[in-house]
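**Student:** This is run_37.pdb (PDB, C-alpha atoms and all ligand atoms).
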ATOM      1  CA  MET I  23      64.123  29.264  25.848
ATOM      2  CA  ILE I  24      61.500  29.516  23.128
ATOM      3  CA  VAL I  25      58.740  32.107  23.596
ATOM      4  CA  VAL I  26      55.748  32.215  21.245
ATOM      5  CA  CYS I  27      53.628  35.346  20.759
ATOM      6  CA  PRO I  28      50.037  34.254  21.543
ATOM      7  CA  SER I  29      48.656  36.796  19.077
ATOM      8  CA  CYS I  30      50.623  36.213  15.844
ATOM      9  CA  GLN I  31      52.440  32.964  16.803
ATOM     10  CA  THR I  32      55.892  34.392  16.022
ATOM     11  CA  GLN I  33      58.572  32.383  17.828
ATOM     12  CA  TYR I  34      61.541  33.910  19.628
ATOM     13  CA  ASP I  35      64.592  32.117  20.888
ATOM     14  CA  LEU I  36      65.617  33.999  24.068
ATOM     15  CA  ASN I  37      68.993  33.638  25.690
ATOM     16  CA  ASP I  38      68.250  31.906  29.027
ATOM     17  CA  GLN I  39      70.788  34.075  30.825
ATOM     18  CA  LEU I  40      68.903  37.268  29.917
ATOM     19  CA  VAL I  41      65.709  36.033  31.547
ATOM     20  CA  GLN I  42      66.050  36.521  35.311
ATOM     21  CA  GLU I  43      62.444  36.335  36.531
ATOM     22  CA  PRO I  44      60.103  33.334  36.392
ATOM     23  CA  THR I  45      57.393  35.572  34.870
ATOM     24  CA  PHE I  46      58.116  38.505  32.607
ATOM     25  CA  ILE I  47      56.362  40.819  30.205
ATOM     26  CA  ALA I  48      57.358  40.484  26.576
ATOM     27  CA  ARG I  49      56.441  42.515  23.541
ATOM     28  CA  CYS I  50      56.294  40.962  20.109
ATOM     29  CA  THR I  51      58.423  43.037  17.735
ATOM     30  CA  LYS I  52      56.310  41.810  14.816
ATOM     31  CA  CYS I  53      52.730  42.583  15.912
ATOM     32  CA  GLN I  54      53.549  44.734  18.996
ATOM     33  CA  HIS I  55      51.339  42.547  21.195
ATOM     34  CA  THR I  56      52.354  42.650  24.876
ATOM     35  CA  PHE I  57      51.971  39.438  26.842
ATOM     36  CA  ALA I  58      53.050  37.617  29.999
ATOM     37  CA  ALA I  59      55.678  34.940  29.383
ATOM     38  CA  TYR I  60      56.901  32.326  31.798
ATOM     39  CA  GLN I  61      60.230  30.724  32.425
ATOM     40  CA  PRO I  62      59.612  27.020  32.141
ATOM     41  CA  VAL I  63      59.660  25.569  35.663
ATOM     42  CA  ARG I  64      62.642  23.307  36.089
ATOM     43  CA  VAL I  65      60.865  20.640  38.029
ATOM     44  CA  GLU I  66      62.799  17.576  36.936
ATOM     45  CA  GLU I  67      66.324  17.033  35.775
ATOM     46  CA  ILE I  68      66.394  14.497  32.951
ATOM     47  CA  SER I  69      68.886  11.691  33.056
ATOM     48  CA  PHE I  70      69.658  10.537  29.558
ATOM     49  CA  LEU I  71      70.295   6.864  28.932
ATOM     50  CA  LYS I  72      71.532   6.480  25.393
ATOM     51  CA  LEU I  73      72.025   9.896  23.870
ATOM     52  CA  ALA I  74      75.806   9.863  24.070
ATOM     53  CA  GLU I  75      76.015   6.658  22.021
ATOM     54  CA  THR I  76      77.024   7.121  18.437
ATOM     55  CA  LYS I  77      74.348   5.717  16.195
ATOM     56  CA  LYS I  78      74.239   5.095  12.487
ATOM     57  CA  LYS I  79      73.408   8.205  10.478
ATOM     58  CA  SER I  80      70.448   6.415   8.941
ATOM     59  CA  ASP I  81      68.712   6.054  12.317
ATOM     60  CA  LEU I  82      67.218   9.532  12.179
ATOM     61  CA  ASP I  83      66.176   9.096   8.551
ATOM     62  CA  LYS I  84      63.641   6.476   9.534
ATOM     63  CA  VAL I  85      61.855   8.870  11.893
ATOM     64  CA  VAL I  86      59.116  10.924  10.236
ATOM     65  CA  VAL I  87      57.089  13.450  12.206
ATOM     66  CA  ILE I  88      53.707  14.731  11.067
ATOM     67  CA  SER I  89      53.277  18.301  12.243
ATOM     68  CA  ASN I  90      51.351  21.524  11.670
ATOM     69  CA  GLN I  91      50.193  24.016  14.284
ATOM     70  CA  LYS I  92      46.819  24.102  12.565
ATOM     71  CA  GLY I  93      44.282  21.574  13.837
ATOM     72  CA  GLY I  94      42.110  19.450  11.554
ATOM     73  CA  VAL I  95      44.571  19.316   8.628
ATOM     74  CA  ALA I  96      44.793  15.473   8.682
ATOM     75  CA  LYS I  97      47.924  15.001  10.803
ATOM     76  CA  THR I  98      46.496  11.984  12.614
ATOM     77  CA  SER I  99      44.862  10.548   9.464
ATOM     78  CA  THR I 100      48.183  10.883   7.620
ATOM     79  CA  CYS I 101      50.160   9.241  10.412
ATOM     80  CA  LEU I 102      47.782   6.267  10.520
ATOM     81  CA  ASN I 103      47.262   5.752   6.804
ATOM     82  CA  LEU I 104      50.780   6.503   5.629
ATOM     83  CA  GLY I 105      52.021   4.179   8.381
ATOM     84  CA  GLN I 106      49.670   1.415   7.264
ATOM     85  CA  SER I 107      50.692   1.972   3.619
ATOM     86  CA  LEU I 108      54.393   1.643   4.488
ATOM     87  CA  ALA I 109      53.540  -1.512   6.453
ATOM     88  CA  MET I 110      51.803  -2.869   3.331
ATOM     89  CA  GLN I 111      55.089  -2.327   1.495
ATOM     90  CA  ASN I 112      56.682  -4.796   3.919
ATOM     91  CA  LYS I 113      58.236  -2.126   6.116
ATOM     92  CA  ARG I 114      58.124  -2.586   9.880
ATOM     93  CA  VAL I 115      56.393   0.556  11.136
ATOM     94  CA  LEU I 116      56.020   2.009  14.624
ATOM     95  CA  LEU I 117      53.365   4.710  15.062
ATOM     96  CA  VAL I 118      54.026   7.005  18.020
ATOM     97  CA  ASP I 119      50.999   8.861  19.385
ATOM     98  CA  PHE I 120      52.591  11.993  20.822
ATOM     99  CA  ASP I 121      49.376  13.964  21.263
ATOM    100  CA  VAL I 122      47.588  14.085  24.602
ATOM    101  CA  GLN I 123      44.247  13.897  22.732
ATOM    102  CA  ALA I 124      45.228  10.307  21.822
ATOM    103  CA  ASN I 125      43.283  10.429  18.527
ATOM    104  CA  LEU I 126      45.716   8.052  16.834
ATOM    105  CA  THR I 127      45.389   5.544  19.684
ATOM    106  CA  ILE I 128      41.591   5.795  19.546
ATOM    107  CA  SER I 129      41.628   5.520  15.724
ATOM    108  CA  LEU I 130      43.215   2.100  16.141
ATOM    109  CA  GLY I 131      40.573   1.052  18.660
ATOM    110  CA  TYR I 132      42.631   1.258  21.875
ATOM    111  CA  LYS I 133      41.544   2.787  25.199
ATOM    112  CA  GLU I 134      43.057   2.719  28.680
ATOM    113  CA  THR I 135      46.579   2.162  27.435
ATOM    114  CA  ASN I 136      49.837   3.353  28.947
ATOM    115  CA  SER I 137      51.689   6.269  27.347
ATOM    116  CA  PHE I 138      55.101   7.943  27.342
ATOM    117  CA  TYR I 139      54.193   9.275  30.806
ATOM    118  CA  GLU I 140      53.869   5.800  32.341
ATOM    119  CA  ALA I 141      56.816   4.546  30.257
ATOM    120  CA  LEU I 142      59.039   7.145  31.938
ATOM    121  CA  ASN I 143      57.540   6.818  35.408
ATOM    122  CA  GLY I 144      57.944   3.243  36.510
ATOM    123  CA  GLY I 145      56.277   1.684  33.461
ATOM    124  CA  GLY I 146      59.370   0.052  31.984
ATOM    125  CA  GLY I 147      60.306   2.374  29.123
ATOM    126  CA  ILE I 148      58.928   2.552  25.598
ATOM    127  CA  GLU I 149      59.719  -1.026  24.668
ATOM    128  CA  LYS I 150      57.408  -2.580  27.279
ATOM    129  CA  ASN I 151      54.492  -0.396  26.191
ATOM    130  CA  ILE I 152      54.527  -0.898  22.434
ATOM    131  CA  LEU I 153      51.366  -2.598  21.198
ATOM    132  CA  GLU I 154      51.364  -5.013  18.289
ATOM    133  CA  THR I 155      48.302  -4.028  16.241
ATOM    134  CA  LYS I 156      46.242  -6.578  14.369
ATOM    135  CA  TYR I 157      47.680  -5.250  11.099
ATOM    136  CA  LYS I 158      50.811  -6.848   9.707
ATOM    137  CA  ASN I 159      54.047  -4.885  10.272
ATOM    138  CA  LEU I 160      52.263  -2.175  12.280
ATOM    139  CA  TRP I 161      52.970  -1.327  15.944
ATOM    140  CA  LEU I 162      51.680   1.515  18.137
ATOM    141  CA  PHE I 163      53.221   3.357  21.043
ATOM    142  CA  PRO I 164      50.016   4.850  22.470
ATOM    143  CA  SER I 165      49.024   8.021  24.283
ATOM    144  CA  ASN I 166      46.630   8.899  27.084
ATOM    145  CA  LYS I 167      45.568  11.989  29.002
ATOM    146  CA  ASN I 168      48.394  11.625  31.554
ATOM    147  CA  MET I 169      50.759  12.828  28.832
ATOM    148  CA  VAL I 170      49.789  16.383  29.784
ATOM    149  CA  LEU I 171      51.863  15.899  32.957
ATOM    150  CA  LEU I 172      55.024  15.515  30.863
ATOM    151  CA  ASN I 173      54.685  19.069  29.664
ATOM    152  CA  LYS I 174      54.465  20.276  33.273
ATOM    153  CA  LYS I 175      57.245  18.020  34.465
ATOM    154  CA  TYR I 176      59.899  18.431  31.800
ATOM    155  CA  PHE I 177      59.161  21.453  29.591
ATOM    156  CA  GLY I 178      62.125  23.756  30.108
ATOM    157  CA  ALA I 179      64.407  21.235  31.819
ATOM    158  CA  ARG I 180      67.911  21.188  30.344
ATOM    159  CA  ASN I 181      67.903  19.405  26.969
ATOM    160  CA  PHE I 182      64.262  18.369  27.409
ATOM    161  CA  GLU I 183      63.891  18.359  23.593
ATOM    162  CA  PHE I 184      66.057  15.223  23.429
ATOM    163  CA  LEU I 185      64.039  13.019  25.783
ATOM    164  CA  LEU I 186      62.009  11.122  23.149
ATOM    165  CA  LYS I 187      65.068  10.600  20.951
ATOM    166  CA  ASP I 188      67.028   9.256  23.909
ATOM    167  CA  ARG I 189      64.324   6.743  24.777
ATOM    168  CA  LEU I 190      63.688   5.695  21.150
ATOM    169  CA  LEU I 191      67.348   5.066  20.300
ATOM    170  CA  PRO I 192      67.508   1.608  21.929
ATOM    171  CA  ILE I 193      64.568   0.306  19.859
ATOM    172  CA  MET I 194      65.236   2.043  16.533
ATOM    173  CA  GLU I 195      66.792  -1.031  14.993
ATOM    174  CA  ARG I 196      63.544  -2.977  15.325
ATOM    175  CA  PHE I 197      61.724  -0.728  12.846
ATOM    176  CA  ASP I 198      62.148   0.519   9.280
ATOM    177  CA  TYR I 199      59.984   3.580   9.915
ATOM    178  CA  ILE I 200      58.846   5.431  13.028
ATOM    179  CA  LEU I 201      55.993   7.910  12.416
ATOM    180  CA  ILE I 202      55.161  10.434  15.132
ATOM    181  CA  ASP I 203      51.793  12.196  15.396
ATOM    182  CA  THR I 204      51.912  15.592  17.132
ATOM    183  CA  PRO I 205      49.442  18.095  18.655
ATOM    184  CA  PRO I 206      48.637  21.470  17.076
ATOM    185  CA  SER I 207      50.826  23.371  19.576
ATOM    186  CA  ILE I 208      54.509  23.931  20.151
ATOM    187  CA  GLU I 209      55.513  22.609  23.518
ATOM    188  CA  PHE I 210      57.218  19.544  24.920
ATOM    189  CA  PHE I 211      55.714  17.132  22.381
ATOM    190  CA  THR I 212      56.279  18.921  19.075
ATOM    191  CA  LEU I 213      59.778  20.072  20.062
ATOM    192  CA  ASN I 214      60.769  16.515  21.062
ATOM    193  CA  ALA I 215      59.302  15.011  17.885
ATOM    194  CA  LEU I 216      61.051  17.539  15.615
ATOM    195  CA  THR I 217      64.343  16.959  17.424
ATOM    196  CA  THR I 218      64.078  13.206  16.790
ATOM    197  CA  ALA I 219      63.105  13.187  13.105
ATOM    198  CA  GLY I 220      64.903  13.129   9.769
ATOM    199  CA  MET I 221      61.799  14.367   7.966
ATOM    200  CA  VAL I 222      58.779  16.431   8.924
ATOM    201  CA  ILE I 223      55.650  16.081   6.816
ATOM    202  CA  ILE I 224      53.462  19.183   6.991
ATOM    203  CA  PRO I 225      49.899  18.262   6.027
ATOM    204  CA  SER I 226      48.036  21.237   4.640
ATOM    205  CA  GLN I 227      44.671  21.866   3.067
ATOM    206  CA  CYS I 228      44.418  24.006  -0.034
ATOM    207  CA  ASP I 229      42.633  26.888   1.637
ATOM    208  CA  PHE I 230      43.317  30.568   1.744
ATOM    209  CA  LEU I 231      45.138  30.525   5.111
ATOM    210  CA  SER I 232      47.217  27.414   4.512
ATOM    211  CA  THR I 233      50.390  29.300   3.628
ATOM    212  CA  HIS I 234      50.240  31.012   7.026
ATOM    213  CA  GLY I 235      50.301  27.654   8.843
ATOM    214  CA  ILE I 236      53.133  26.387   6.622
ATOM    215  CA  ASP I 237      55.193  29.537   7.183
ATOM    216  CA  GLN I 238      54.789  29.166  10.952
ATOM    217  CA  ILE I 239      56.070  25.618  11.079
ATOM    218  CA  LEU I 240      58.892  26.313   8.606
ATOM    219  CA  LYS I 241      60.111  29.102  10.891
ATOM    220  CA  LEU I 242      60.063  26.707  13.825
ATOM    221  CA  ILE I 243      61.983  24.139  11.777
ATOM    222  CA  GLN I 244      64.676  26.728  11.015
ATOM    223  CA  LEU I 245      65.043  27.195  14.764
ATOM    224  CA  ILE I 246      65.135  23.432  15.367
ATOM    225  CA  LYS I 247      67.845  23.063  12.684
ATOM    226  CA  VAL I 248      70.034  25.557  14.518
ATOM    227  CA  LYS I 249      69.303  24.388  18.061
ATOM    228  CA  THR I 250      68.640  20.659  18.233
ATOM    229  CA  ASN I 251      68.456  18.858  14.876
ATOM    230  CA  PRO I 252      70.427  20.106  11.852
ATOM    231  CA  ARG I 253      69.375  17.105   9.719
ATOM    232  CA  ILE I 254      65.613  17.624   9.628
ATOM    233  CA  GLU I 255      64.029  18.178   6.188
ATOM    234  CA  ALA I 256      60.523  19.521   5.629
ATOM    235  CA  ARG I 257      57.993  18.299   3.013
ATOM    236  CA  ILE I 258      54.465  19.568   2.412
ATOM    237  CA  LEU I 259      51.567  17.174   1.824
ATOM    238  CA  ILE I 260      48.317  18.492   0.380
ATOM    239  CA  THR I 261      45.369  16.846   2.142
ATOM    240  CA  MET I 262      41.594  16.898   1.688
ATOM    241  CA  PHE I 263      42.086  18.224  -1.842
ATOM    242  CA  ASP I 264      38.882  19.051  -3.721
ATOM    243  CA  LYS I 265      39.685  18.527  -7.371
ATOM    244  CA  GLU I 266      36.361  20.054  -8.473
ATOM    245  CA  SER I 267      37.276  23.359  -6.840
ATOM    246  CA  THR I 268      39.042  25.987  -8.938
ATOM    247  CA  ALA I 269      40.181  27.760  -5.739
ATOM    248  CA  SER I 270      41.888  24.572  -4.493
ATOM    249  CA  LYS I 271      43.737  24.183  -7.790
ATOM    250  CA  MET I 272      44.826  27.832  -7.708
ATOM    251  CA  ILE I 273      46.140  27.506  -4.159
ATOM    252  CA  PHE I 274      47.944  24.258  -5.028
ATOM    253  CA  THR I 275      49.744  26.001  -7.917
ATOM    254  CA  LYS I 276      50.622  28.844  -5.553
ATOM    255  CA  LEU I 277      52.009  26.441  -2.904
ATOM    256  CA  LYS I 278      54.220  24.705  -5.480
ATOM    257  CA  ARG I 279      55.581  28.072  -6.544
ATOM    258  CA  LEU I 280      56.107  29.345  -2.977
ATOM    259  CA  TYR I 281      57.796  26.162  -1.705
ATOM    260  CA  PRO I 282      59.674  24.774  -4.703
ATOM    261  CA  GLY I 283      60.810  21.160  -4.412
ATOM    262  CA  MET I 284      59.151  20.750  -1.020
ATOM    263  CA  THR I 285      55.673  19.574  -2.009
ATOM    264  CA  PHE I 286      54.993  15.859  -2.494
ATOM    265  CA  ASP I 287      53.764  14.945  -5.999
ATOM    266  CA  THR I 288      51.047  12.832  -4.360
ATOM    267  CA  LEU I 289      47.896  14.695  -3.305
ATOM    268  CA  ILE I 290      45.392  13.293  -0.820
ATOM    269  CA  GLU I 291      41.861  14.009  -1.993
ATOM    270  CA  MET I 292      38.740  14.556   0.061
ATOM    271  CA  ASP I 293      37.236  11.126   0.663
ATOM    272  CA  ALA I 294      34.402  10.267   3.056
ATOM    273  CA  ARG I 295      35.930   6.762   3.532
ATOM    274  CA  ILE I 296      38.607   8.340   5.784
ATOM    275  CA  ARG I 297      35.966   9.480   8.281
ATOM    276  CA  GLU I 298      34.064   6.207   8.009
ATOM    277  CA  ALA I 299      37.234   4.190   8.664
ATOM    278  CA  GLN I 300      37.968   6.387  11.687
ATOM    279  CA  ILE I 301      34.521   5.578  13.088
ATOM    280  CA  MET I 302      35.286   1.892  12.555
ATOM    281  CA  SER I 303      38.731   2.374  14.283
ATOM    282  CA  MET I 304      40.788   1.092  11.377
ATOM    283  CA  PRO I 305      43.155   2.299   8.639
ATOM    284  CA  VAL I 306      41.218   3.301   5.551
ATOM    285  CA  LEU I 307      42.613   0.597   3.246
ATOM    286  CA  GLU I 308      41.531  -2.041   5.767
ATOM    287  CA  TYR I 309      38.045  -0.548   5.724
ATOM    288  CA  ASN I 310      37.774  -0.179   1.951
ATOM    289  CA  GLN I 311      40.520  -1.201  -0.451
ATOM    290  CA  GLN I 312      39.075   1.019  -3.174
ATOM    291  CA  SER I 313      39.216   4.204  -1.094
ATOM    292  CA  LYS I 314      40.649   6.949  -3.246
ATOM    293  CA  ALA I 315      42.481   8.663  -0.385
ATOM    294  CA  GLY I 316      43.654   5.241   0.838
ATOM    295  CA  ARG I 317      45.238   4.506  -2.526
ATOM    296  CA  GLN I 318      46.784   7.959  -2.528
ATOM    297  CA  TYR I 319      48.393   7.244   0.853
ATOM    298  CA  LEU I 320      49.800   4.072  -0.696
ATOM    299  CA  ARG I 321      51.152   6.155  -3.527
ATOM    300  CA  LEU I 322      52.680   8.556  -0.980
ATOM    301  CA  ALA I 323      54.399   5.612   0.723
ATOM    302  CA  LYS I 324      55.882   4.621  -2.631
ATOM    303  CA  GLU I 325      56.990   8.203  -3.265
ATOM    304  CA  ILE I 326      58.770   8.228   0.115
ATOM    305  CA  LEU I 327      60.360   4.846  -0.616
ATOM    306  CA  GLY I 328      61.516   6.131  -3.999
ATOM    307  CA  HIS I 329      59.476   3.512  -5.883
ATOM    308  CA  PRO I 330      57.832   4.263  -9.248
ATOM    309  CA  LEU I 331      54.442   5.893  -8.757
ATOM    310  CA  ASP I 332      52.348   3.158 -10.313
ATOM    311  CA  VAL I 333      49.260   3.427  -8.093
ATOM    312  CA  SER I 334      46.682   5.954  -9.262
TER     313      SER I 334
HETATM  314  N1  LIG I 401      41.238  12.940   2.923
HETATM  315  C1  LIG I 401      40.238  13.192   3.777
HETATM  316  N2  LIG I 401      38.955  13.264   3.318
HETATM  317  C2  LIG I 401      37.929  13.513   4.169
HETATM  318  N3  LIG I 401      38.066  13.714   5.492
HETATM  319  C3  LIG I 401      39.311  13.647   6.013
HETATM  320  C4  LIG I 401      40.457  13.385   5.187
HETATM  321  N4  LIG I 401      41.564  13.386   5.985
HETATM  322  C5  LIG I 401      41.122  13.635   7.243
HETATM  323  N5  LIG I 401      39.784  13.782   7.265
HETATM  324  C6  LIG I 401      38.934  14.082   8.441
HETATM  325  O1  LIG I 401      39.239  15.393   8.894
HETATM  326  C7  LIG I 401      39.165  15.450  10.327
HETATM  327  C8  LIG I 401      40.504  15.959  10.880
HETATM  328  O2  LIG I 401      41.507  15.000  10.577
HETATM  329  P1  LIG I 401      42.663  14.647  11.613
HETATM  330  O3  LIG I 401      43.518  13.638  10.961
HETATM  331  O4  LIG I 401      42.084  14.302  12.950
HETATM  332  O5  LIG I 401      43.408  16.052  11.683
HETATM  333  P2  LIG I 401      44.463  16.627  12.766
HETATM  334  O6  LIG I 401      45.165  15.461  13.368
HETATM  335  O7  LIG I 401      45.374  17.516  11.952
HETATM  336  O8  LIG I 401      43.673  17.419  13.750
HETATM  337  C9  LIG I 401      38.833  14.037  10.800
HETATM  338  O9  LIG I 401      37.455  13.967  11.042
HETATM  339  C10 LIG I 401      39.222  13.163   9.612
HETATM  340  O10 LIG I 401      38.415  11.988   9.540
HETATM  341 MG    MG I 402      45.370  14.883  15.409
END
Take the structure in this file and express it as structure tokens.
Ligand SMILES: Nc1ncnc2c1ncn2[C@@H]1O[C@H](COP(=O)(O)OP(=O)(O)O)[C@@H](O)[C@H]1O
Ligand SMILES: [Mg+2]

**Tutor:**
Amino acid sequence: MIVVCPSCQTQYDLNDQLVQEPTFIARCTKCQHTFAAYQPVRVEEISFLKLAETKKKSDLDKVVVISNQKGGVAKTSTCLNLGQSLAMQNKRVLLVDFDVQANLTISLGYKETNSFYEALNGGGGIEKNILETKYKNLWLFPSNKNMVLLNKKYFGARNFEFLLKDRLLPIMERFDYILIDTPPSIEFFTLNALTTAGMVIIPSQCDFLSTHGIDQILKLIQLIKVKTNPRIEARILITMFDKESTASKMIFTKLKRLYPGMTFDTLIEMDARIREAQIMSMPVLEYNQQSKAGRQYLRLAKEILGHPLDVS
């Protein structure tokens, strides 16, 4: 089981057999903080449908998860606008809202939709609940507040990290890319998303504490590589970049040095159009084709597709 220190966020992978009690006191060897930890309650056994089937290696490569334990770093904005940009490049894109806050679902103008919770509990699986958005090549598998029940129901069940992958496998062939938005916490949702993906994009602002957030998620990814998904690769995306700020430029240089070869060449600049588009419940390039950040997301899509970077 994975235990996270609530004080310094260090993650520990404990051998299940060593943990006898449902509640136990743990001490973080890094910051010495003492805290109560809980055995996940094994409420439900999961029956897997497709996991045993051998799939093409490329299946996982099309799944990209957007993750960072820090909130407000543009995870949801990146999922929406990178997804839309890939769709504009004639790729069939499924956006998966895997955050109980449902910000991605709301950003596309949907309310009162089903979610993974209903899909698993009598709602007919993922396929029946995918929404075709009004934008060409773009589909959404939405979220709602009932998703919180999944954490209670399955977190800690045997192989719970594989549940999303198992249920996505039957529909993978329909899409060129599947982008998953995640919450700023490590529980059922983030662990499932990281287990399913070939790539994790870590959005990060160029502020003083950004390296801390990146280090945290990279440590988690090391654990995921060993435990559930050896193929996952991490890339860092700089978001809300202020090109007038000397501090931002200094931190960007530092990030490139600290994480060589991991940072995307494309930067996403601060752009008020992103917020305006969110208010209008649409991807930014649909709201304003000239949006600077919108065009940078298009450039990011081309970088991911390996196309020449001809959009400035
Ligand atoms: N490039 C940008 N320029 C300006 N504001 C942005 C940009 N990207 C995101 N935002 C705004 O920052 C806030 C947080 O973004 P969001 O995508 O919701 O982050 P997260 O999902 O990581 O919490 C939102 O209000 C969003 O509109
Ligand atoms: Mg979000």

**Student:** I:Ile202, I:Ile246, I:Met302, I:Leu322: which is nearest I:Ile260, counting only C-alpha atoms?

**Tutor:** I:Leu322

**Student:** Which neighbours of stretch 235-241 of chain I fall inside 12 Å, counting all atoms listed in the file, when residues of the same chain fewer than 5 positions from it are skipped, and could you give them as number ranges by chain?

**Tutor:** I: 26-27, 30-35, 88-95, 206-208, 212-213, 216, 222-230, 246-248, 254-260, 277, 280-281, 284-285

**Student:** Work out where the centre of an axis-aligned box around every listed atom of ligand LIG 401 (chain I) lies and how long its edges are once 8 Å is added on each side; give both in Å to one decimal as JSON.

**Tutor:**
{"center_x": 41.4, "center_y": 14.8, "center_z": 8.3, "size_x": 23.9, "size_y": 21.5, "size_z": 26.8}

**Student:** Could you list, with a cut-off of 6 Å and counting all atoms listed in the file, the residues of chain I near ligand MG 402 (chain I), each shown with its nearest atom pair and the distance in Å rounded to one decimal, rows sorted by chain and ascending number, as JSON lines?

**Tutor:**
{"residue": "I:Lys97", "atom": "CA", "partner": "I:MG402", "partner_atom": "MG", "distance": 5.3}
{"residue": "I:Thr98", "atom": "CA", "partner": "I:MG402", "partner_atom": "MG", "distance": 4.2}
{"residue": "I:Asn125", "atom": "CA", "partner": "I:MG402", "partner_atom": "MG", "distance": 5.8}

**Student:** Please compute the atom CA of I:Ile148-atom CA of I:Asp121 distance, one decimal, in Å.

**Tutor:**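 Computing the Euclidean distance for atom CA of I:Ile148 and atom CA of I:Asp121 yields 15.5 Å.
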
**Student:** When the PyMOL selection byres (((chain I and resi 127) around 12) and not hetatm) is applied to the file above, which residues end up in the set, as a ChimeraX atom specification?

**Tutor:** /I:98-99,101-102,117-126,128-137,152-153,155,161-167,202-203,300,303-305

**Student:** For ligand LIG 401 (chain I), which residue among I:Phe263, I:Phe138, I:Tyr309, I:Phe70 is the nearest when counting all atoms listed in the file?

**Tutor:**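 For ligand LIG 401 (chain I), the nearest of the given residues is I:Phe263.
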
**Student:** Do you have the atom O9 of ligand LIG 401 (chain I)-atom CA of I:Lys265 distance handy?

**Tutor:**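 Distance between the two atoms: 19.1 Å.
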
**Student:** For a quick check of understanding, using all atoms listed in the file, which of I:Thr268, I:Thr233, I:Asn37, I:Thr204 has the smallest distance to ligand LIG 401 (chain I)?

**Tutor:**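 Closest residue, counting all atoms listed in the file: I:Thr204.
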
**Student:** Convert the output of the PyMOL selection byres (((chain I and resi 113) around 10) and not hetatm) on the shown file into explicit residues, formatted as a ChimeraX atom specification.

**Tutor:** /I:105-112,114-116,158-160,197-199,327

**Student:** Write out, as a short mmCIF file (atom, residue, chain, number, x, y, z; two decimals), in the coordinates of the input, the residues just selected, with C-alpha atoms.

**Tutor:**
data_model
loop_
_atom_site.label_atom_id
_atom_site.label_comp_id
_atom_site.auth_asym_id
_atom_site.auth_seq_id
_atom_site.Cartn_x
_atom_site.Cartn_y
_atom_site.Cartn_z
CA GLY I 105 52.02 4.18 8.38
CA GLN I 106 49.67 1.42 7.26
CA SER I 107 50.69 1.97 3.62
CA LEU I 108 54.39 1.64 4.49
CA ALA I 109 53.54 -1.51 6.45
CA MET I 110 51.80 -2.87 3.33
CA GLN I 111 55.09 -2.33 1.50
CA ASN I 112 56.68 -4.80 3.92
CA ARG I 114 58.12 -2.59 9.88
CA VAL I 115 56.39 0.56 11.14
CA LEU I 116 56.02 2.01 14.62
CA LYS I 158 50.81 -6.85 9.71
CA ASN I 159 54.05 -4.88 10.27
CA LEU I 160 52.26 -2.17 12.28
CA PHE I 197 61.72 -0.73 12.85
CA ASP I 198 62.15 0.52 9.28
CA TYR I 199 59.98 3.58 9.91
CA LEU I 327 60.36 4.85 -0.62
#

**Student:** Find, counting only C-alpha atoms, the residue in I:Asn181, I:His329, I:Leu73, I:Ala294 that gets nearest to I:Lys249.

**Tutor:**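 Smallest separation from I:Lys249 among the options: I:Asn181.
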
**Student:** Which residue out of I:Ala58, I:Leu36, I:Ala179, I:Leu289 has the minimum interatomic distance to ligand LIG 401 (chain I) when only C-alpha atoms and all ligand atoms are used?

**Tutor:** I:Leu289

**Student:** With a distance cut-off of 7 Å and all atoms listed in the file, select the neighbouring residues of I:Val86, excluding the residue or stretch itself and same-chain residues fewer than 3 positions from it, and output the selection as an MDAnalysis selection string.

**Tutor:** chainID I and resid 200:202 219:222

**Student:** What is the distance, in Å and to one decimal place, between atom CA of I:Met292 and atom N3 of ligand LIG 401 (chain I)?

**Tutor:**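 Distance reported for this atom pair: 5.5 Å.
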